[in-house]
>>> print(open('structure-v8.txt').read())   # compact mmCIF, C-alpha atoms and all ligand atoms
# COMPACT_ATOMS: atom_id res chain seq x y z
CA MET W 1 16.66 1.40 -17.74
CA THR W 2 14.80 2.14 -14.54
CA ALA W 3 11.49 0.32 -14.18
CA ARG W 4 8.46 2.62 -14.14
CA ARG W 5 5.54 0.22 -13.82
CA ILE W 6 5.93 -1.00 -10.32
CA VAL W 7 3.93 -2.80 -7.67
CA LEU W 8 4.86 -2.78 -4.00
CA LEU W 9 4.02 -5.86 -1.97
CA GLY W 10 4.27 -6.17 1.79
CA PRO W 11 2.19 -6.42 4.95
CA PRO W 12 0.50 -3.38 6.44
CA GLY W 13 3.19 -1.51 8.38
CA SER W 14 6.07 -2.59 6.15
CA GLY W 15 6.54 1.02 5.06
CA LYS W 16 5.50 0.46 1.48
CA GLY W 17 3.17 3.49 1.51
CA THR W 18 5.99 5.77 2.66
CA GLN W 19 8.35 4.36 0.05
CA ALA W 20 5.65 4.53 -2.64
CA VAL W 21 5.36 8.31 -2.22
CA ARG W 22 9.14 8.78 -2.53
CA LEU W 23 9.64 6.37 -5.39
CA ALA W 24 6.77 7.88 -7.38
CA ALA W 25 8.23 11.39 -6.97
CA TRP W 26 11.68 10.15 -8.00
CA LEU W 27 10.31 8.40 -11.11
CA GLY W 28 7.79 11.15 -11.96
CA VAL W 29 4.86 8.73 -12.07
CA PRO W 30 1.63 8.66 -10.03
CA HIS W 31 1.49 6.93 -6.67
CA ILE W 32 -1.70 4.89 -6.65
CA SER W 33 -2.82 3.56 -3.30
CA THR W 34 -6.02 1.53 -3.36
CA GLY W 35 -6.42 2.08 0.40
CA ASP W 36 -6.28 5.89 -0.08
CA LEU W 37 -8.63 5.75 -3.07
CA LEU W 38 -11.12 3.65 -1.12
CA ARG W 39 -10.94 5.88 1.96
CA SER W 40 -11.67 8.88 -0.22
CA GLU W 41 -14.67 7.07 -1.76
CA VAL W 42 -15.90 6.33 1.78
CA GLN W 43 -15.41 9.95 2.83
CA ASN W 44 -17.32 11.22 -0.22
CA ARG W 45 -20.09 8.70 0.43
CA THR W 46 -20.05 7.43 -3.13
CA GLU W 47 -21.83 4.22 -4.12
CA LEU W 48 -18.46 2.43 -4.17
CA GLY W 49 -17.52 3.92 -0.79
CA LEU W 50 -20.75 2.74 0.80
CA GLN W 51 -20.19 -0.77 -0.50
CA ALA W 52 -16.51 -0.85 0.49
CA GLN W 53 -16.82 0.53 3.99
CA ARG W 54 -18.20 -2.53 5.77
CA PHE W 55 -15.36 -4.70 4.47
CA MET W 56 -12.73 -2.13 5.43
CA ASP W 57 -14.12 -1.70 8.96
CA ARG W 58 -13.83 -5.44 9.54
CA GLY W 59 -10.27 -5.60 8.18
CA GLU W 60 -11.38 -7.67 5.19
CA LEU W 61 -10.67 -7.25 1.51
CA VAL W 62 -13.11 -5.26 -0.58
CA PRO W 63 -14.45 -7.50 -3.42
CA ASP W 64 -12.07 -7.73 -6.39
CA ALA W 65 -14.56 -6.42 -8.94
CA LEU W 66 -15.03 -3.13 -7.09
CA VAL W 67 -11.31 -2.49 -6.66
CA ALA W 68 -10.39 -3.69 -10.17
CA GLU W 69 -12.68 -1.18 -11.84
CA MET W 70 -11.23 1.64 -9.76
CA ILE W 71 -7.63 0.65 -10.54
CA ARG W 72 -8.28 0.23 -14.24
CA LYS W 73 -9.46 3.82 -14.52
CA HIS W 74 -6.32 5.10 -12.82
CA ILE W 75 -3.63 3.21 -14.69
CA GLU W 76 -4.98 2.77 -18.18
CA ARG W 77 -3.41 5.93 -19.53
CA ALA W 78 -0.57 6.40 -17.03
CA PRO W 79 3.01 6.35 -18.44
CA GLY W 80 4.03 4.49 -15.31
CA PHE W 81 2.85 4.03 -11.73
CA VAL W 82 3.79 2.93 -8.27
CA LEU W 83 0.97 0.69 -7.10
CA ASP W 84 0.56 0.45 -3.35
CA GLY W 85 -1.96 -2.03 -1.94
CA PHE W 86 -2.79 -3.73 -5.21
CA PRO W 87 -2.70 -6.61 -6.09
CA ARG W 88 -3.80 -8.14 -2.78
CA ASN W 89 -4.50 -11.64 -4.14
CA LEU W 90 -3.68 -13.76 -7.19
CA ARG W 91 -6.91 -12.83 -8.95
CA GLN W 92 -6.03 -9.13 -8.72
CA ALA W 93 -2.54 -9.84 -10.09
CA GLU W 94 -4.14 -11.56 -13.06
CA ILE W 95 -6.58 -8.70 -13.59
CA LEU W 96 -3.69 -6.23 -13.51
CA GLU W 97 -1.91 -8.13 -16.29
CA THR W 98 -4.91 -7.55 -18.54
CA VAL W 99 -4.45 -3.79 -18.13
CA THR W 100 -0.66 -3.33 -18.13
CA VAL W 101 2.71 -5.09 -17.89
CA VAL W 102 4.33 -4.89 -14.47
CA GLU W 103 8.09 -4.31 -14.75
CA ARG W 104 9.04 -4.82 -11.08
CA ALA W 105 7.35 -6.17 -7.98
CA LEU W 106 9.14 -5.20 -4.78
CA HIS W 107 8.42 -7.38 -1.76
CA PHE W 108 8.95 -5.56 1.57
CA GLN W 109 9.85 -8.13 4.22
CA ILE W 110 9.35 -7.49 7.94
CA GLY W 111 8.55 -9.43 11.15
CA ARG W 112 5.12 -9.47 12.76
CA ASN W 113 6.09 -7.84 16.09
CA GLU W 114 7.65 -4.93 14.24
CA ILE W 115 4.43 -4.52 12.22
CA VAL W 116 2.22 -4.18 15.28
CA ARG W 117 4.73 -1.82 16.89
CA ARG W 118 4.83 0.41 13.82
CA LEU W 119 1.10 0.47 13.10
CA SER W 120 0.17 1.31 16.67
CA ALA W 121 2.37 4.42 16.33
CA ARG W 122 1.01 5.43 12.91
CA ARG W 123 -0.84 8.75 12.68
CA VAL W 124 -2.42 10.40 9.64
CA CYS W 125 -3.35 13.99 8.77
CA PRO W 126 -7.12 13.98 8.17
CA GLN W 127 -6.72 16.87 5.71
CA CYS W 128 -3.72 16.13 3.44
CA GLY W 129 -3.37 12.40 4.14
CA HIS W 130 0.32 12.62 5.06
CA VAL W 131 1.37 9.61 7.13
CA TYR W 132 3.60 9.99 10.20
CA ASN W 133 4.98 7.55 12.72
CA LEU W 134 5.34 8.79 16.30
CA ILE W 135 8.51 6.69 16.73
CA SER W 136 10.31 6.62 13.39
CA ASN W 137 8.93 9.59 11.48
CA PRO W 138 7.31 12.02 13.94
CA PRO W 139 5.85 15.43 13.07
CA GLN W 140 7.79 18.50 14.28
CA ARG W 141 5.11 19.37 16.83
CA ASP W 142 3.47 16.68 18.93
CA SER W 143 0.67 14.98 16.94
CA VAL W 144 0.12 17.99 14.62
CA CYS W 145 0.56 17.91 10.83
CA ASP W 146 3.68 19.84 9.68
CA GLU W 147 1.82 21.18 6.63
CA CYS W 148 -1.81 21.65 7.72
CA HIS W 149 -1.18 22.35 11.43
CA ILE W 150 -4.17 20.31 12.50
CA ALA W 151 -4.35 17.36 14.87
CA LEU W 152 -3.29 14.00 13.48
CA VAL W 153 -5.63 11.04 13.83
CA GLN W 154 -5.26 7.28 14.08
CA ARG W 155 -6.78 5.16 11.31
CA SER W 156 -9.82 3.31 12.62
CA ASP W 157 -8.34 0.01 11.38
CA ASP W 158 -5.00 0.54 13.15
CA THR W 159 -6.20 -1.09 16.39
CA PRO W 160 -4.36 -4.23 17.61
CA GLU W 161 -7.31 -6.58 16.85
CA VAL W 162 -7.94 -5.27 13.35
CA ILE W 163 -4.17 -5.18 12.64
CA GLN W 164 -3.94 -8.89 13.49
CA ARG W 165 -6.88 -9.60 11.25
CA ARG W 166 -5.47 -7.59 8.36
CA ILE W 167 -2.19 -9.49 8.61
CA GLU W 168 -3.84 -12.91 8.86
CA VAL W 169 -6.88 -12.62 6.64
CA GLN W 170 -5.48 -10.38 3.97
CA TYR W 171 -1.80 -10.90 3.93
CA ALA W 172 -0.44 -14.23 5.13
CA ARG W 173 -3.04 -16.19 3.19
CA GLU W 174 -2.75 -14.30 -0.08
CA ILE W 175 0.86 -13.26 -0.51
CA GLU W 176 2.58 -16.52 -1.55
CA PRO W 177 0.63 -17.03 -4.79
CA ILE W 178 1.29 -13.38 -5.73
CA LEU W 179 5.03 -13.75 -5.06
CA ASP W 180 5.07 -16.90 -7.20
CA PHE W 181 3.23 -15.11 -9.97
CA TYR W 182 5.86 -12.35 -10.18
CA ARG W 183 8.79 -14.68 -9.49
CA LYS W 184 7.85 -16.70 -12.57
CA ARG W 185 7.83 -13.50 -14.62
CA ASN W 186 11.27 -12.70 -13.24
CA VAL W 187 10.22 -9.26 -11.94
CA LEU W 188 10.16 -10.01 -8.19
CA ARG W 189 12.79 -8.37 -5.94
CA GLU W 190 13.04 -8.87 -2.16
CA ILE W 191 13.64 -5.82 0.05
CA ASP W 192 14.62 -5.93 3.74
CA ALA W 193 12.07 -3.48 5.16
CA SER W 194 13.20 -3.62 8.78
CA GLY W 195 15.71 -0.76 8.44
CA ASP W 196 15.13 2.99 8.61
CA ILE W 197 13.27 4.91 5.90
CA ASP W 198 16.39 6.07 4.01
CA SER W 199 18.10 2.70 3.87
CA VAL W 200 14.93 0.94 2.68
CA TYR W 201 14.51 3.68 0.06
CA ARG W 202 18.03 3.14 -1.28
CA ALA W 203 17.45 -0.63 -1.45
CA ALA W 204 14.19 -0.05 -3.34
CA GLN W 205 15.89 2.33 -5.80
CA ARG W 206 18.61 -0.24 -6.50
CA ALA W 207 15.98 -2.92 -7.09
CA LEU W 208 14.41 -0.81 -9.86
CA GLU W 209 17.59 -0.51 -11.91
P1 LIG W 301 -4.52 -0.07 3.13
O1 LIG W 301 -4.55 1.40 3.29
O2 LIG W 301 -3.74 -0.52 1.93
O3 LIG W 301 -4.09 -0.79 4.39
O4 LIG W 301 -6.03 -0.54 2.84
C1 LIG W 301 -7.07 -0.31 3.77
C2 LIG W 301 -8.24 -1.23 3.49
O5 LIG W 301 -8.77 -1.00 2.16
C3 LIG W 301 -7.90 -2.71 3.50
O6 LIG W 301 -7.94 -3.24 4.83
C4 LIG W 301 -8.99 -3.31 2.60
O7 LIG W 301 -10.22 -3.44 3.30
C5 LIG W 301 -9.17 -2.22 1.55
N1 LIG W 301 -8.29 -2.45 0.36
C6 LIG W 301 -7.20 -1.73 -0.03
N2 LIG W 301 -6.67 -2.23 -1.16
C7 LIG W 301 -7.42 -3.29 -1.51
C8 LIG W 301 -7.38 -4.23 -2.57
N3 LIG W 301 -6.41 -4.20 -3.53
N4 LIG W 301 -8.35 -5.19 -2.63
C9 LIG W 301 -9.30 -5.25 -1.70
N5 LIG W 301 -9.40 -4.41 -0.66
C10 LIG W 301 -8.48 -3.44 -0.55
>>> encode(input="structure-v8.txt", output="structure tokens")
Amino acid sequence: MTARRIVLLGPPGSGKGTQAVRLAAWLGVPHISTGDLLRSEVQNRTELGLQAQRFMDRGELVPDALVAEMIRKHIERAPGFVLDGFPRNLRQAEILETVTVVERALHFQIGRNEIVRRLSARRVCPQCGHVYNLISNPPQRDSVCDECHIALVQRSDDTPEVIQRRIEVQYAREIEPILDFYRKRNVLREIDASGDIDSVYRAAQRALE
């Protein structure tokens, strides 16, 4: 049976967001990205958004309690999900276990130089949120969204300094305990994320069987 309650783990720029969209469509379950949810809270100037923004701008993690509440609402009744950007630390992994049982955790592995190269080329549609990459996944027309036909933008935290900080502060320090947590539950699968989008997708599909 194919797993349907899935978390994707990997540094920013590992392509997990791109794969999350595809995998969720294939499985017919929601794609839940905590980064997207938080950015929409910020855009709508909600109480949560106002609290989260200063952490996001500095490349730091938003406090667990704020994110946990948001995630709980989204997955409690879902028949399955592809979680992208959560859990980000061991505490969040433990919180998630109180809400659901994760069937697979896919770990997207990629080198640091490739991360900076990819993120510097990342562009986003400010209207529909579609993510492009000027090198590996460019829009048909230069820097314009294929669907909305408006100019793509760069995320404010995709600058070299904030990228380094996101990798160091958020990722390198936190990932090992999370990997251990899922390894012990026998649901962890390693994915080589350095290839092109289609080959990583096929590897991810195989890992869910
Ligand atoms: P992302 O789009 O996943 O790179 O997330 C963008 C920003 O949102 C991160 O740099 C964090 O500040 C915040 N964020 C996203 N997910 C989480 C999470 N699970 N816990 C804490 N902060 C998060």
>>> closest_residue(input="structure-v8.txt", among="W:Arg54, W:Arg117, W:Lys16, W:Arg185", to="W:Ala93", atoms="only C-alpha atoms")
W:Arg185
>>> atom_distance(input="structure-v8.txt", atom1="atom CA of W:Val67", atom2="atom CA of W:His31")
15.9 Å
>>> residues_near_ligand(input="structure-v8.txt", ligand="ligand LIG 301 (chain W)", cutoff="9 Å", atoms="all atoms listed in the file", output="PyMOL selection string")
chain W and resi 11-13+17+33-39+52-68+71+84-89+92+157-158+162-163+166+170
>>> atom_distance(input="structure-v8.txt", atom1="atom CA of W:Ser120", atom2="atom CA of W:Arg173")
22.3 Å
>>> atom_distance(input="structure-v8.txt", atom1="atom CA of W:Glu147", atom2="atom CA of W:Arg123")
14.1 Å
>>> closest_residue(input="structure-v8.txt", among="W:Tyr201, W:Tyr132, W:Phe81, W:Tyr182", to="W:Arg22", atoms="only C-alpha atoms")
W:Tyr201
>>> residues_near_point(input="structure-v8.txt", point="(9.5, 9.1, -11.0)", cutoff="10 Å", atoms="only C-alpha atoms", output="VMD selection string")
chain W and resid 2 to 4 21 to 31 80 to 82
>>> residues_around(input="structure-v8.txt", residues="W:Val187", least_positions_apart="3", cutoff="12 Å", atoms="only C-alpha atoms", output="list in words")
Ala3, Arg5, Ile6, Val7, Leu8, Val101, Val102, Glu103, Arg104, Ala105, Leu106, His107, Ile178, Leu179, Asp180, Phe181, Tyr182, Arg183, Lys184, Glu190, Ala207, Leu208 and Glu209 of chain W
>>> closest_residue(input="structure-v8.txt", among="W:Asn186, W:Thr46, W:Ser14, W:Gln19", to="W:Ile167", atoms="only C-alpha atoms")
W:Ser14
>>> residues_around(input="structure-v8.txt", residues="stretch 194-197 of chain W", least_positions_apart="5", cutoff="9 Å", atoms="only C-alpha atoms", output="PDB file with C-alpha atoms, in the frame of the given file")
ATOM      1  CA  SER W  14       6.070  -2.590   6.150  1.00  0.00           C
ATOM      2  CA  GLY W  15       6.540   1.020   5.060  1.00  0.00           C
ATOM      3  CA  THR W  18       5.990   5.770   2.660  1.00  0.00           C
ATOM      4  CA  GLN W  19       8.350   4.360   0.050  1.00  0.00           C
ATOM      5  CA  PHE W 108       8.950  -5.560   1.570  1.00  0.00           C
ATOM      6  CA  GLN W 109       9.850  -8.130   4.220  1.00  0.00           C
ATOM      7  CA  ILE W 110       9.350  -7.490   7.940  1.00  0.00           C
ATOM      8  CA  GLY W 111       8.550  -9.430  11.150  1.00  0.00           C
ATOM      9  CA  GLU W 114       7.650  -4.930  14.240  1.00  0.00           C
ATOM     10  CA  SER W 136      10.310   6.620  13.390  1.00  0.00           C
ATOM     11  CA  ASN W 137       8.930   9.590  11.480  1.00  0.00           C
ATOM     12  CA  ARG W 202      18.030   3.140  -1.280  1.00  0.00           C
TER      13      ARG W 202
END
>>> closest_residue(input="structure-v8.txt", among="W:Leu152, W:Leu83, W:Ile135, W:Asp142", to="W:Ala20", atoms="only C-alpha atoms")
W:Leu83
>>> closest_residue(input="structure-v8.txt", among="W:Ser156, W:Arg206, W:Arg118, W:Glu97", to="W:Pro138", atoms="only C-alpha atoms")
W:Arg118
>>> decode(input="structure-v8.txt", residues="stretch 69-116 of chain W", atoms="N, CA and C atoms", output="JSON list (two decimals), in the first residue's frame")
[["chain", "number", "residue", "atom", "x", "y", "z"],
["W", 69, "GLU", "N", -0.21, 24.83, 16.44],
["W", 69, "GLU", "CA", -1.65, 25.09, 16.44],
["W", 69, "GLU", "C", -2.17, 25.15, 15.00],
["W", 70, "MET", "N", -1.40, 25.83, 14.17],
["W", 70, "MET", "CA", -1.77, 25.99, 12.77],
["W", 70, "MET", "C", -1.82, 24.63, 12.06],
["W", 71, "ILE", "N", -0.82, 23.80, 12.32],
["W", 71, "ILE", "CA", -0.72, 22.51, 11.64],
["W", 71, "ILE", "C", -1.82, 21.55, 12.13],
["W", 72, "ARG", "N", -2.10, 21.61, 13.38],
["W", 72, "ARG", "CA", -3.13, 20.75, 13.97],
["W", 72, "ARG", "C", -4.46, 20.95, 13.25],
["W", 73, "LYS", "N", -4.82, 22.22, 13.06],
["W", 73, "LYS", "CA", -6.08, 22.55, 12.38],
["W", 73, "LYS", "C", -6.13, 21.93, 10.99],
["W", 74, "HIS", "N", -4.99, 21.94, 10.30],
["W", 74, "HIS", "CA", -4.99, 21.49, 8.91],
["W", 74, "HIS", "C", -4.98, 19.98, 8.74],
["W", 75, "ILE", "N", -4.40, 19.24, 9.69],
["W", 75, "ILE", "CA", -4.29, 17.80, 9.42],
["W", 75, "ILE", "C", -5.25, 16.94, 10.22],
["W", 76, "GLU", "N", -5.90, 17.52, 11.21],
["W", 76, "GLU", "CA", -6.73, 16.70, 12.08],
["W", 76, "GLU", "C", -7.72, 15.83, 11.31],
["W", 77, "ARG", "N", -8.38, 16.42, 10.34],
["W", 77, "ARG", "CA", -9.42, 15.65, 9.63],
["W", 77, "ARG", "C", -8.98, 15.16, 8.25],
["W", 78, "ALA", "N", -7.74, 15.43, 7.88],
["W", 78, "ALA", "CA", -7.30, 15.05, 6.52],
["W", 78, "ALA", "C", -7.10, 13.53, 6.41],
["W", 79, "PRO", "N", -7.49, 12.93, 5.27],
["W", 79, "PRO", "CA", -7.32, 11.49, 5.07],
["W", 79, "PRO", "C", -5.84, 11.13, 4.83],
["W", 80, "GLY", "N", -5.08, 12.11, 4.55],
["W", 80, "GLY", "CA", -3.65, 11.96, 4.31],
["W", 80, "GLY", "C", -3.09, 13.36, 4.09],
["W", 81, "PHE", "N", -1.78, 13.46, 3.91],
["W", 81, "PHE", "CA", -1.18, 14.78, 3.71],
["W", 81, "PHE", "C", 0.25, 14.61, 3.26],
["W", 82, "VAL", "N", 0.75, 15.62, 2.58],
["W", 82, "VAL", "CA", 2.19, 15.73, 2.34],
["W", 82, "VAL", "C", 2.63, 16.98, 3.08],
["W", 83, "LEU", "N", 3.35, 16.79, 4.16],
["W", 83, "LEU", "CA", 3.79, 17.91, 4.99],
["W", 83, "LEU", "C", 5.15, 18.40, 4.51],
["W", 84, "ASP", "N", 5.24, 19.69, 4.29],
["W", 84, "ASP", "CA", 6.43, 20.30, 3.71],
["W", 84, "ASP", "C", 6.86, 21.44, 4.64],
["W", 85, "GLY", "N", 7.97, 21.26, 5.33],
["W", 85, "GLY", "CA", 8.45, 22.31, 6.23],
["W", 85, "GLY", "C", 8.07, 22.08, 7.69],
["W", 86, "PHE", "N", 7.51, 20.95, 7.97],
["W", 86, "PHE", "CA", 7.15, 20.58, 9.33],
["W", 86, "PHE", "C", 7.27, 19.06, 9.45],
["W", 87, "PRO", "N", 7.90, 18.49, 10.46],
["W", 87, "PRO", "CA", 8.54, 19.16, 11.60],
["W", 87, "PRO", "C", 9.91, 19.75, 11.28],
["W", 88, "ARG", "N", 10.27, 20.81, 11.98],
["W", 88, "ARG", "CA", 11.57, 21.46, 11.80],
["W", 88, "ARG", "C", 12.50, 21.19, 12.98],
["W", 89, "ASN", "N", 12.00, 20.58, 14.03],
["W", 89, "ASN", "CA", 12.85, 20.20, 15.16],
["W", 89, "ASN", "C", 12.18, 18.99, 15.85],
["W", 90, "LEU", "N", 12.91, 18.42, 16.82],
["W", 90, "LEU", "CA", 12.40, 17.20, 17.47],
["W", 90, "LEU", "C", 11.07, 17.45, 18.17],
["W", 91, "ARG", "N", 10.98, 18.59, 18.83],
["W", 91, "ARG", "CA", 9.75, 18.93, 19.55],
["W", 91, "ARG", "C", 8.54, 18.90, 18.59],
["W", 92, "GLN", "N", 8.71, 19.46, 17.42],
["W", 92, "GLN", "CA", 7.61, 19.47, 16.44],
["W", 92, "GLN", "C", 7.27, 18.05, 15.98],
["W", 93, "ALA", "N", 8.30, 17.20, 15.85],
["W", 93, "ALA", "CA", 8.03, 15.81, 15.46],
["W", 93, "ALA", "C", 7.20, 15.12, 16.54],
["W", 94, "GLU", "N", 7.52, 15.42, 17.79],
["W", 94, "GLU", "CA", 6.77, 14.82, 18.90],
["W", 94, "GLU", "C", 5.33, 15.35, 18.93],
["W", 95, "ILE", "N", 5.18, 16.63, 18.69],
["W", 95, "ILE", "CA", 3.83, 17.22, 18.65],
["W", 95, "ILE", "C", 3.00, 16.55, 17.55],
["W", 96, "LEU", "N", 3.65, 16.37, 16.39],
["W", 96, "LEU", "CA", 2.94, 15.77, 15.25],
["W", 96, "LEU", "C", 2.41, 14.38, 15.59],
["W", 97, "GLU", "N", 3.21, 13.61, 16.34],
["W", 97, "GLU", "CA", 2.78, 12.26, 16.72],
["W", 97, "GLU", "C", 1.54, 12.26, 17.62],
["W", 98, "THR", "N", 1.28, 13.38, 18.27],
["W", 98, "THR", "CA", 0.08, 13.44, 19.12],
["W", 98, "THR", "C", -1.17, 13.69, 18.26],
["W", 99, "VAL", "N", -0.96, 14.09, 17.01],
["W", 99, "VAL", "CA", -2.09, 14.42, 16.14],
["W", 99, "VAL", "C", -2.36, 13.30, 15.13],
["W", 100, "THR", "N", -1.29, 12.63, 14.67],
["W", 100, "THR", "CA", -1.44, 11.65, 13.59],
["W", 100, "THR", "C", -0.28, 10.65, 13.64],
["W", 101, "VAL", "N", -0.34, 9.64, 12.78],
["W", 101, "VAL", "CA", 0.78, 8.70, 12.67],
["W", 101, "VAL", "C", 1.43, 8.89, 11.30],
["W", 102, "VAL", "N", 2.67, 9.28, 11.30],
["W", 102, "VAL", "CA", 3.40, 9.48, 10.05],
["W", 102, "VAL", "C", 3.80, 8.12, 9.48],
["W", 103, "GLU", "N", 3.47, 7.91, 8.17],
["W", 103, "GLU", "CA", 3.77, 6.61, 7.56],
["W", 103, "GLU", "C", 5.12, 6.58, 6.85],
["W", 104, "ARG", "N", 5.56, 7.73, 6.34],
["W", 104, "ARG", "CA", 6.88, 7.84, 5.70],
["W", 104, "ARG", "C", 7.44, 9.23, 5.93],
["W", 105, "ALA", "N", 8.76, 9.26, 6.17],
["W", 105, "ALA", "CA", 9.49, 10.52, 6.21],
["W", 105, "ALA", "C", 10.57, 10.43, 5.14],
["W", 106, "LEU", "N", 10.48, 11.28, 4.14],
["W", 106, "LEU", "CA", 11.48, 11.27, 3.06],
["W", 106, "LEU", "C", 12.51, 12.35, 3.33],
["W", 107, "HIS", "N", 13.77, 11.96, 3.35],
["W", 107, "HIS", "CA", 14.85, 12.92, 3.60],
["W", 107, "HIS", "C", 15.56, 13.25, 2.29],
["W", 108, "PHE", "N", 15.42, 14.50, 1.84],
["W", 108, "PHE", "CA", 16.03, 14.95, 0.58],
["W", 108, "PHE", "C", 17.45, 15.43, 0.86],
["W", 109, "GLN", "N", 18.43, 14.70, 0.30],
["W", 109, "GLN", "CA", 19.83, 15.03, 0.58],
["W", 109, "GLN", "C", 20.45, 15.81, -0.57],
["W", 110, "ILE", "N", 21.18, 16.89, -0.21],
["W", 110, "ILE", "CA", 21.81, 17.73, -1.22],
["W", 110, "ILE", "C", 22.94, 18.56, -0.60],
["W", 111, "GLY", "N", 23.98, 18.87, -1.40],
["W", 111, "GLY", "CA", 25.13, 19.62, -0.89],
["W", 111, "GLY", "C", 24.84, 21.11, -0.73],
["W", 112, "ARG", "N", 25.65, 21.76, 0.10],
["W", 112, "ARG", "CA", 25.40, 23.16, 0.45],
["W", 112, "ARG", "C", 25.58, 24.14, -0.73],
["W", 113, "ASN", "N", 26.59, 23.90, -1.57],
["W", 113, "ASN", "CA", 26.81, 24.81, -2.71],
["W", 113, "ASN", "C", 25.63, 24.77, -3.66],
["W", 114, "GLU", "N", 25.10, 23.56, -3.86],
["W", 114, "GLU", "CA", 23.96, 23.40, -4.76],
["W", 114, "GLU", "C", 22.73, 24.13, -4.18],
["W", 115, "ILE", "N", 22.60, 24.13, -2.86],
["W", 115, "ILE", "CA", 21.47, 24.82, -2.21],
["W", 115, "ILE", "C", 21.51, 26.31, -2.52],
["W", 116, "VAL", "N", 22.68, 26.92, -2.30],
["W", 116, "VAL", "CA", 22.78, 28.37, -2.51],
["W", 116, "VAL", "C", 22.55, 28.70, -3.99]]
